[in-house]
Structure formats: C-alpha cells, structure tokens
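Containing mmCIF, C-alpha atoms: entry01.cif.
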data_my_file
loop_
_atom_site.label_atom_id
_atom_site.label_comp_id
_atom_site.auth_asym_id
_atom_site.auth_seq_id
_atom_site.Cartn_x
_atom_site.Cartn_y
_atom_site.Cartn_z
CA MET A 1 3.35 26.46 -3.34
CA PRO A 2 1.54 23.63 -1.49
CA VAL A 3 1.72 21.50 -4.68
CA ASN A 4 5.14 21.46 -6.31
CA GLN A 5 5.40 19.60 -9.61
CA GLN A 6 8.90 18.45 -10.50
CA ALA A 7 10.22 16.09 -13.14
CA GLY A 8 8.49 12.77 -12.53
CA ARG A 9 7.21 13.62 -9.06
CA ILE A 10 4.81 15.75 -7.02
CA ILE A 11 5.58 17.26 -3.62
CA LEU A 12 2.75 18.23 -1.27
CA GLN A 13 3.43 20.73 1.51
CA HIS A 14 1.09 21.48 4.43
CA PRO A 15 1.22 24.91 6.12
CA LYS A 16 1.91 23.21 9.50
CA GLY A 17 5.08 21.59 8.13
CA SER A 18 4.03 18.10 7.04
CA SER A 19 4.87 16.95 3.51
CA ALA A 20 4.49 14.09 1.06
CA GLU A 21 6.31 13.13 -2.11
CA ILE A 22 4.72 11.05 -4.88
CA LEU A 23 6.42 9.55 -7.92
CA LEU A 24 4.39 9.53 -11.12
CA TYR A 25 6.01 6.15 -11.75
CA GLY A 26 3.72 3.74 -9.93
CA ALA A 27 1.88 6.61 -8.19
CA THR A 28 4.14 5.61 -5.30
CA VAL A 29 4.24 7.79 -2.20
CA ILE A 30 7.95 7.68 -1.29
CA SER A 31 7.95 10.14 1.62
CA TRP A 32 5.54 11.33 4.30
CA LYS A 33 6.81 13.65 6.99
CA SER A 34 4.69 14.71 9.93
CA VAL A 35 5.14 15.94 13.51
CA GLY A 36 4.52 13.30 16.18
CA GLN A 37 4.69 12.79 19.92
CA SER A 38 8.33 13.59 20.50
CA ASP A 39 9.22 15.61 17.41
CA SER A 40 9.85 19.32 17.17
CA GLN A 41 10.33 18.96 13.42
CA PRO A 42 8.41 16.79 10.94
CA ALA A 43 9.81 13.25 10.92
CA GLU A 44 9.79 10.67 8.13
CA ARG A 45 6.97 8.13 8.61
CA LEU A 46 7.72 5.81 5.69
CA PHE A 47 10.71 3.60 4.97
CA CYS A 48 12.32 3.68 1.55
CA SER A 49 15.37 1.48 0.95
CA GLY A 50 18.63 3.27 0.22
CA LYS A 51 18.95 0.87 -2.74
CA ALA A 52 15.44 1.56 -4.08
CA ALA A 53 15.22 2.52 -7.74
CA LEU A 54 13.57 5.93 -8.05
CA ASP A 55 14.23 6.32 -11.78
CA GLY A 56 11.29 4.30 -13.10
CA SER A 57 13.38 1.24 -13.90
CA LYS A 58 11.56 -1.04 -11.43
CA PRO A 59 8.94 -0.83 -8.65
CA VAL A 60 10.05 1.14 -5.60
CA ARG A 61 11.26 -0.81 -2.55
CA GLY A 62 9.49 1.24 0.09
CA GLY A 63 6.95 4.01 0.57
CA ILE A 64 3.40 3.04 -0.42
CA PRO A 65 3.37 1.02 -3.65
CA VAL A 66 -0.10 0.51 -5.17
CA VAL A 67 -0.88 -3.17 -5.83
CA PHE A 68 -3.43 -3.77 -8.62
CA PRO A 69 -5.02 -5.89 -10.13
CA CYS A 70 -3.35 -8.90 -8.48
CA PHE A 71 -1.69 -9.42 -5.13
CA GLY A 72 1.45 -11.55 -5.27
CA ALA A 73 1.75 -13.98 -8.15
CA PRO A 74 -1.35 -13.91 -10.39
CA THR A 75 -3.96 -16.59 -9.72
CA HIS A 76 -6.97 -15.38 -11.73
CA PRO A 77 -7.23 -16.65 -15.35
CA THR A 78 -7.45 -13.09 -16.74
CA HIS A 79 -4.29 -12.13 -14.82
CA ALA A 80 -2.07 -14.87 -16.24
CA LYS A 81 0.28 -12.50 -18.10
CA LEU A 82 0.73 -10.09 -15.19
CA PRO A 83 3.87 -9.71 -13.09
CA GLN A 84 3.76 -10.10 -9.31
CA HIS A 85 1.54 -7.42 -7.70
CA GLY A 86 0.22 -6.34 -11.11
CA PHE A 87 0.98 -3.28 -13.22
CA ALA A 88 -0.12 -0.22 -11.21
CA ARG A 89 3.20 0.09 -9.38
CA ASN A 90 5.37 -0.06 -12.50
CA ASN A 91 3.61 2.24 -14.96
CA VAL A 92 3.78 6.02 -15.24
CA TRP A 93 0.58 7.71 -14.03
CA LYS A 94 -0.70 11.06 -15.26
CA PHE A 95 -1.02 14.03 -12.93
CA ASP A 96 -4.71 14.86 -13.21
CA THR A 97 -5.70 17.71 -10.92
CA ILE A 98 -5.35 19.45 -7.57
CA VAL A 99 -8.41 18.27 -5.63
CA MET A 100 -7.97 20.46 -2.54
CA ASP A 101 -5.58 23.20 -1.43
CA ASN A 102 -6.44 25.02 1.79
CA GLU A 103 -5.50 25.22 5.47
CA THR A 104 -7.11 21.86 6.17
CA GLY A 105 -5.05 19.94 3.67
CA VAL A 106 -3.75 19.52 0.17
CA SER A 107 -4.87 16.78 -2.19
CA VAL A 108 -3.97 15.66 -5.72
CA LYS A 109 -5.34 13.10 -8.16
CA LEU A 110 -3.31 10.88 -10.49
CA SER A 111 -4.81 8.64 -13.15
CA LEU A 112 -3.92 5.55 -15.18
CA GLU A 113 -5.60 4.05 -18.24
CA PRO A 114 -4.56 1.10 -20.41
CA ASN A 115 -1.42 1.81 -22.41
CA THR A 116 0.23 -0.48 -24.94
CA ALA A 117 2.33 -2.28 -22.31
CA VAL A 118 -0.65 -2.83 -20.02
CA GLN A 119 -2.88 -4.02 -22.87
CA GLN A 120 -0.35 -6.72 -23.72
CA GLN A 121 -0.70 -8.06 -20.15
CA PHE A 122 -4.33 -7.26 -19.36
CA ASP A 123 -7.04 -6.76 -21.95
CA HIS A 124 -9.95 -5.54 -19.80
CA PRO A 125 -10.75 -1.79 -20.06
CA PHE A 126 -10.47 0.26 -16.87
CA HIS A 127 -9.74 3.71 -15.46
CA LEU A 128 -7.82 4.22 -12.21
CA ASP A 129 -7.73 7.37 -10.09
CA PHE A 130 -5.38 7.64 -7.12
CA VAL A 131 -6.03 10.49 -4.70
CA VAL A 132 -3.42 11.46 -2.09
CA THR A 133 -4.46 13.87 0.65
CA LEU A 134 -2.05 15.42 3.17
CA ALA A 135 -3.21 16.97 6.45
CA GLU A 136 -1.22 18.09 9.48
CA HIS A 137 -1.03 14.65 11.10
CA GLN A 138 -2.64 12.49 8.39
CA LEU A 139 -2.04 10.99 4.99
CA SER A 140 -4.86 9.35 3.06
CA THR A 141 -4.73 7.36 -0.17
CA ASP A 142 -7.85 6.51 -2.19
CA LEU A 143 -7.87 4.14 -5.16
CA HIS A 144 -10.87 4.51 -7.49
CA VAL A 145 -11.32 1.68 -9.99
CA LYS A 146 -13.82 2.11 -12.83
CA ASN A 147 -14.83 -0.67 -15.18
CA THR A 148 -15.17 1.30 -18.41
CA ALA A 149 -16.56 -1.68 -20.35
CA LEU A 150 -20.20 -2.00 -21.35
CA SER A 151 -22.54 -3.42 -18.73
CA THR A 152 -23.20 -6.42 -20.97
CA THR A 153 -19.58 -7.61 -20.82
CA SER A 154 -17.97 -9.78 -18.15
CA PRO A 155 -17.13 -7.99 -14.87
CA LEU A 156 -13.69 -6.62 -14.06
CA GLU A 157 -12.21 -8.93 -11.40
CA PHE A 158 -9.29 -7.64 -9.38
CA GLN A 159 -7.43 -7.39 -6.10
CA ALA A 160 -6.01 -4.18 -4.63
CA LEU A 161 -3.69 -3.30 -1.75
CA PHE A 162 -1.66 -0.42 -0.30
CA HIS A 163 1.81 -1.82 0.49
CA ASN A 164 2.68 0.52 3.39
CA TYR A 165 6.29 0.47 4.56
CA ILE A 166 5.86 2.12 7.98
CA ARG A 167 9.12 3.40 9.45
CA ALA A 168 9.45 1.80 12.90
CA PRO A 169 11.96 -0.35 14.81
CA ALA A 170 11.00 -3.82 13.58
CA ASN A 171 12.06 -5.59 16.77
CA GLU A 172 9.86 -3.35 18.93
CA VAL A 173 6.77 -2.74 16.82
CA ARG A 174 3.39 -4.39 17.37
CA ALA A 175 0.28 -4.38 15.16
CA LEU A 176 -3.21 -4.81 16.58
CA PRO A 177 -6.08 -5.70 16.93
CA LEU A 178 -5.61 -8.92 14.99
CA ALA A 179 -6.28 -11.49 17.74
CA GLY A 180 -8.89 -14.06 16.80
CA LEU A 181 -8.62 -13.44 13.06
CA SER A 182 -8.10 -16.17 10.49
CA PHE A 183 -4.83 -15.75 8.59
CA TYR A 184 -2.63 -17.48 6.04
CA ASP A 185 1.09 -17.83 6.76
CA LYS A 186 2.98 -17.40 3.50
CA THR A 187 6.31 -18.29 5.16
CA GLU A 188 5.26 -21.93 5.50
CA ALA A 189 7.38 -24.39 3.51
CA THR A 190 4.63 -26.21 1.60
CA GLU A 191 1.79 -25.01 -0.57
CA GLU A 192 -0.64 -27.03 1.55
CA ALA A 193 0.53 -25.31 4.74
CA ARG A 194 0.38 -21.88 3.09
CA ALA A 195 -3.23 -22.57 2.08
CA THR A 196 -4.28 -23.75 5.55
CA PRO A 197 -5.76 -20.98 7.73
CA LYS A 198 -4.48 -20.34 11.22
CA VAL A 199 -6.05 -18.31 14.02
CA GLU A 200 -4.10 -15.38 15.48
CA SER A 201 -3.65 -15.69 19.26
CA ARG A 202 -1.39 -12.68 19.91
CA GLN A 203 -2.90 -9.47 21.22
CA GLY A 204 -0.12 -7.53 19.50
CA VAL A 205 1.46 -9.08 16.39
CA ASP A 206 5.25 -8.75 16.20
CA VAL A 207 7.68 -9.28 13.32
CA LEU A 208 10.61 -10.64 15.33
CA LYS A 209 11.02 -13.37 12.72
CA PHE A 210 10.32 -13.52 8.98
CA THR A 211 6.61 -12.68 8.77
CA ASP A 212 4.25 -12.73 5.78
CA SER A 213 0.70 -13.14 7.07
CA VAL A 214 -2.56 -12.44 5.24
CA TYR A 215 -5.46 -11.73 7.63
CA GLU A 216 -8.93 -12.03 6.11
CA ASN A 217 -12.11 -10.20 7.09
CA ALA A 218 -10.08 -7.89 9.31
CA PRO A 219 -11.55 -5.01 11.35
CA GLY A 220 -10.41 -2.20 9.02
CA ARG A 221 -8.75 -0.18 11.78
CA TYR A 222 -5.24 -0.97 13.00
CA ASP A 223 -2.81 0.46 15.53
CA VAL A 224 0.91 0.19 14.82
CA HIS A 225 2.73 0.79 18.12
CA TRP A 226 6.37 1.04 19.19
CA PRO A 227 7.88 2.64 22.32
CA SER A 228 8.28 6.10 20.78
CA GLY A 229 5.52 6.11 18.19
CA HIS A 230 2.02 5.15 17.12
CA ILE A 231 0.36 5.23 13.73
CA GLU A 232 -3.32 4.43 13.26
CA ILE A 233 -4.59 3.03 9.96
CA ARG A 234 -8.30 3.30 9.13
CA THR A 235 -9.64 1.75 5.95
CA GLN A 236 -12.71 1.51 3.77
CA ASN A 237 -13.59 -1.41 1.47
CA MET A 238 -10.28 -3.12 2.28
CA LYS A 239 -11.45 -6.28 4.03
CA ASP A 240 -8.02 -7.88 4.48
CA VAL A 241 -4.67 -6.82 5.88
CA VAL A 242 -1.15 -8.16 5.35
CA VAL A 243 1.67 -7.94 7.92
CA TRP A 244 5.11 -8.42 6.37
CA ASN A 245 8.73 -8.11 7.33
CA PRO A 246 11.41 -10.34 5.78
CA GLN A 247 13.93 -10.01 8.66
CA ARG A 248 17.46 -11.08 7.75
CA GLU A 249 16.31 -14.57 6.71
CA ALA A 250 14.59 -13.27 3.57
CA GLY A 251 15.59 -9.60 3.55
CA SER A 252 19.24 -10.33 2.84
CA LYS A 253 18.14 -11.99 -0.42
CA ILE A 254 16.24 -8.93 -1.69
CA GLY A 255 18.52 -7.15 -4.15
CA ASP A 256 17.19 -3.61 -3.63
CA MET A 257 16.95 -3.85 0.16
CA GLU A 258 19.67 -1.90 1.99
CA ASP A 259 21.70 -3.94 4.45
CA GLY A 260 19.76 -4.11 7.70
CA GLY A 261 16.81 -2.31 6.14
CA TRP A 262 14.42 -4.94 7.50
CA GLU A 263 15.17 -3.62 10.99
CA LYS A 264 13.67 -0.21 10.13
CA TYR A 265 10.08 -0.91 9.12
CA VAL A 266 6.97 -3.00 9.30
CA CYS A 267 4.60 -3.42 6.41
CA VAL A 268 0.95 -3.25 7.45
CA GLU A 269 -0.93 -3.44 4.17
CA PRO A 270 -4.72 -3.02 3.89
CA GLY A 271 -6.23 -4.61 0.83
CA TYR A 272 -8.81 -6.79 -0.83
CA VAL A 273 -6.66 -9.85 -1.53
CA ARG A 274 -8.62 -12.93 -0.45
CA GLY A 275 -10.88 -13.45 -3.43
CA PHE A 276 -11.62 -10.78 -6.02
CA VAL A 277 -13.70 -7.65 -6.33
CA LYS A 278 -16.19 -8.21 -9.16
CA LEU A 279 -17.02 -4.88 -10.78
CA GLU A 280 -19.74 -4.70 -13.41
CA GLY A 281 -19.39 -2.52 -16.51
CA GLY A 282 -19.83 1.18 -15.82
CA GLN A 283 -19.43 0.72 -12.06
CA THR A 284 -16.74 2.21 -9.76
CA TRP A 285 -15.13 0.78 -6.63
CA MET A 286 -13.13 2.79 -4.11
CA GLY A 287 -10.65 1.55 -1.50
CA GLN A 288 -9.28 4.00 1.05
CA GLN A 289 -6.82 4.22 3.91
CA VAL A 290 -6.15 7.06 6.34
CA LEU A 291 -2.82 6.99 8.22
CA THR A 292 -2.69 9.16 11.35
CA VAL A 293 0.30 9.97 13.53
CA LYS A 294 -1.13 9.87 17.04
CA VAL A 295 0.08 12.87 19.07
#

Could you rewrite the structure in this file as structure tokens?
Amino acid sequence: MPVNQQAGRIILQHPKGSSAEILLYGATVISWKSVGQSDSQPAERLFCSGKAALDGSKPVRGGIPVVFPCFGAPTHPTHAKLPQHGFARNNVWKFDTIVMDNETGVSVKLSLEPNTAVQQQFDHPFHLDFVVTLAEHQLSTDLHVKNTALSTTSPLEFQALFHNYIRAPANEVRALPLAGLSFYDKTEATEEARATPKVESRQGVDVLKFTDSVYENAPGRYDVHWPSGHIEIRTQNMKDVVVWNPQREAGSKIGDMEDGGWEKYVCVEPGYVRGFVKLEGGQTWMGQQVLTVKV
C-alpha cells in the first residue's frame, strides 16, 4: 500500500522507490528517501540524530519539524506562555485523509486543533492542516493555518517555519542565492549585535563555523549544493530563510545531538519569521515548500 499507517506514524511509498515517514507527534517528517545523481537505490535525504526521541517525549532532533506559532523564544505578547518554536512540533496531530494516491505521487493530510495543553499556552482559536506529498524526486510540505475566530475578533498573529535538516557534508555544503540579502546573525554575543542587520557577501553560504543566520525578504528558491549532491528548495509565502548548523562549538552542548552529528547536515529553513502573519477571523494562510533532488 502506498500509504501505510502504523502506530504513531505514517509511511508513504512511491512506485518508483522513494518514500517518506511522518510521525503523528509534531507532524514531523523523519525520513525522505529518493534516488539522486549517483544512487542506484533511494538514499536518505534528511538527517535525524541517533539520539533523537521518536517516542513523543520531546520534539524530534532532525527531519522536518514544523515551527508554529513562534520562531525561537516567543516575542509576541500573545505567545508569552509558549515554549521555544511553539507547540506544533510537540503535539500529536490527527491523520485526516489521503489527498492523492496515483502514479504521480502520494499525499496525506494531518490536522491539529486546540487541545487542553495548547489552550493553556495559547488561547486563540485555530485549525492547522499539514499536507505532505511524495513524488519520485520531490517532497512537498504545505502548512494551512485557519483563524477559526469570528471576523470581529482580533487577528491571529503567528510565525511559521519548516526546520529542514538536509543530509549533506556540513564542511562541503553551500546554500545560495543569498548574496546581497539582509540577515541577522544570532551567534553574535550581544543582543544589540544580534539585532543589527548585516549584508551577505558570499555567493555560496557555508557553515564551516557555528552558523545561525536569519535572512529576510529572501528569494523563495534556494539551491543546496555539495560535491555529490544538490537539493533545490522552492517556497510559497515563506519570505524568510534560516541557515543553521551548530558545528562542534554549540552542537556538543545539544543533549539529543549524536556525537559529530553536526558534520552530517545543514539546516536551510524557509519561514515567515521576521514579523508576524496577521490573519483575520475566518481567513486561511498557506505556506509551502517543495524539495527536489536534482538528477
């Protein structure tokens, strides 16, 4: 069966051999396998730490965590009770429906609505749908956010991001085109320096040292290159992009990061994280990414 439901997870299988695995906890894609340039068999495209918790006890260190409604530590007044990166990645989603199942691809929809735990942290009504679509060389993720409140109430204000852990040799990978963009360097020592924009001068951005950079008003299409691989990321309604790798400096302090894990990935994370989406009652917003293995 192209869609295999198991305890706490969903496995998608494409007739050409590609596959994806999604945990209901966090709606986190933890595996995406696809044939690439030099592969005779489907190869893993995402990094998931060998120490990652896959039992629903904490957010997954790897794959594609869904960040909503805040990126990083909460800064919006209505987000004050939220944990870092919000609640989408650490709540159990409901398997909703099979959207598509044919030779072109297979697609499923998961959904999340306020539960008791979420309501204690965030009291604005909402409905989230997360659609994952697997094709032969592609994986797409769509986040649909609906403000289910009346149109007369205050808007739903949020941030959203796909925290892609792309499996690649960190010391060889480059992300582009980011040259000329304004970005914020979150590795700076002082709050003032972290809040001061810089301008990217590199044609290809590397992660040879601890990197945590937030690029604003980015082009929406990115190429992640390394000597033996290339993944393209195309986005919709995700105006910003984050490039992150902790390297040993910060990675060795992350409890659920396997030793040396920082050498095996780069995070290139499309999102809306500078400012907030303001969604009126009854309205829906959709953010999308399409990851393609270039062959």

Residue nearest Ala27 (chain A) - candidates A:Leu110, A:Ala73, A:Ile11, A:Ala193, atoms counted: all atoms listed in the file | A:Leu110

Work out how far apart CA of Leu156 (chain A) and CA of Gln283 (chain A) are and give it in Å to one decimal.
->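 That distance, rounded to one decimal, is 9.5 Å.
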
Residues returned when the PyMOL selection byres ((chain A and resi 223-233) around 10) runs on this file, as a ChimeraX atom specification | /A:36-38,45,137-140,166-178,204-205,220-222,234-235,266-270,289-295

Go through A:Thr211, A:Thr284, A:Ser252, A:Ser182 and flag the residue nearest Asp240 (chain A), using only C-alpha atoms for the distances.
->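 Among A:Thr211, A:Thr284, A:Ser252, A:Ser182, it is A:Ser182 that comes nearest to Asp240 (chain A).
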
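When all atoms listed in the file are used to measure the gap to Ser31 (chain A), the shortest distance among A:Cys70, A:Val108, A:Val242, A:Leu54 belongs to A:Leu54.
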
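Distance-wise, CA of Phe126 (chain A) and CA of Trp93 (chain A) end up 13.6 Å apart.
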
Atom pair CA of Ala250 (chain A) / CA of Glu188 (chain A): separation (Å) = 12.9 Å

Out of A:Pro69, A:His127, A:Phe95, A:Asn164, which residue has the shortest atom-to-atom distance to Thr148 (chain A) when counting only C-alpha atoms?
-> A:His127

Contact residues around Pro15 (chain A) with all atoms listed in the file at 9 Å, ignoring same-chain residues under 5 positions, as a ChimeraX atom specification = /A:2,102-105,136

Protein and nucleic acid residues near (5.7, 3.2, -17.0) (cut-off 8 Å, only C-alpha atoms) as number ranges by chain = A: 25-26, 56, 90-93

Could you check which of A:Arg61, A:Lys278, A:His163, A:Arg248 is closest to Val145 (chain A), using all atoms listed in the file?
->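 When distances to Val145 (chain A) are compared using all atoms listed in the file, the smallest one comes from A:Lys278.
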
All residues 12 Å or closer to Ile254 (chain A), all atoms listed in the file, same chain fewer than 6 positions away omitted, as a PyMOL selection string | chain A and resi 49+51-52+61+245-248+260-262

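Here, the PyMOL selection byres ((chain A and resi 79) around 8) matches Pro69, Cys70, Pro74, Thr75, His76, Pro77, Thr78, Ala80, Lys81, Leu82, Gln121 and Phe122 of chain A.
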
Could you take the residues named above and write them with C-alpha atoms, as a PDB file, in the frame of the given file?
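See selection.pdb below for the written result:
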ATOM      1  CA  PRO A  69      -5.020  -5.890 -10.130  1.00  0.00           C
ATOM      2  CA  CYS A  70      -3.350  -8.900  -8.480  1.00  0.00           C
ATOM      3  CA  PRO A  74      -1.350 -13.910 -10.390  1.00  0.00           C
ATOM      4  CA  THR A  75      -3.960 -16.590  -9.720  1.00  0.00           C
ATOM      5  CA  HIS A  76      -6.970 -15.380 -11.730  1.00  0.00           C
ATOM      6  CA  PRO A  77      -7.230 -16.650 -15.350  1.00  0.00           C
ATOM      7  CA  THR A  78      -7.450 -13.090 -16.740  1.00  0.00           C
ATOM      8  CA  ALA A  80      -2.070 -14.870 -16.240  1.00  0.00           C
ATOM      9  CA  LYS A  81       0.280 -12.500 -18.100  1.00  0.00           C
ATOM     10  CA  LEU A  82       0.730 -10.090 -15.190  1.00  0.00           C
ATOM     11  CA  GLN A 121      -0.700  -8.060 -20.150  1.00  0.00           C
ATOM     12  CA  PHE A 122      -4.330  -7.260 -19.360  1.00  0.00           C
TER      13      PHE A 122
END

Nearest residue to Gly275 (chain A) from the set A:Arg194, A:Arg202, A:Asp101, A:Phe71 (distances using only C-alpha atoms) |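 So, comparing all the options, the nearest one is A:Phe71.
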
Answer key for the PyMOL selection byres ((chain A and resi 195) around 12), residues as a PyMOL selection string | chain A and resi 182-194+196-198+213-214+274

Restricted to C-alpha atoms, what would the selected residues look like written as a tab-separated table (two decimals), in the frame of the given file?
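Dumped to result.tsv:
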chain	number	residue	atom	x	y	z
A	182	SER	CA	-8.10	-16.17	10.49
A	183	PHE	CA	-4.83	-15.75	8.59
A	184	TYR	CA	-2.63	-17.48	6.04
A	185	ASP	CA	1.09	-17.83	6.76
A	186	LYS	CA	2.98	-17.40	3.50
A	187	THR	CA	6.31	-18.29	5.16
A	188	GLU	CA	5.26	-21.93	5.50
A	189	ALA	CA	7.38	-24.39	3.51
A	190	THR	CA	4.63	-26.21	1.60
A	191	GLU	CA	1.79	-25.01	-0.57
A	192	GLU	CA	-0.64	-27.03	1.55
A	193	ALA	CA	0.53	-25.31	4.74
A	194	ARG	CA	0.38	-21.88	3.09
A	196	THR	CA	-4.28	-23.75	5.55
A	197	PRO	CA	-5.76	-20.98	7.73
A	198	LYS	CA	-4.48	-20.34	11.22
A	213	SER	CA	0.70	-13.14	7.07
A	214	VAL	CA	-2.56	-12.44	5.24
A	274	ARG	CA	-8.62	-12.93	-0.45

Considering all atoms listed in the file, return as a CSV table (one decimal) with C-alpha atoms, in the coordinates of the input whatever protein or nucleic-acid residues lie within 6 Å of Phe130 (chain A), sequence-local ones (same chain, fewer than 2 positions apart) excluded.
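Final file, selection.csv:
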chain,number,residue,atom,x,y,z
A,109,LYS,CA,-5.3,13.1,-8.2
A,110,LEU,CA,-3.3,10.9,-10.5
A,142,ASP,CA,-7.8,6.5,-2.2
A,143,LEU,CA,-7.9,4.1,-5.2

Find the residues with any atom within 6 Å of (8.5, -2.5, -8.4); use only C-alpha atoms and the coordinates as given in the file, and write the answer as a PyMOL selection string.
-> chain A and resi 58-60+89-90
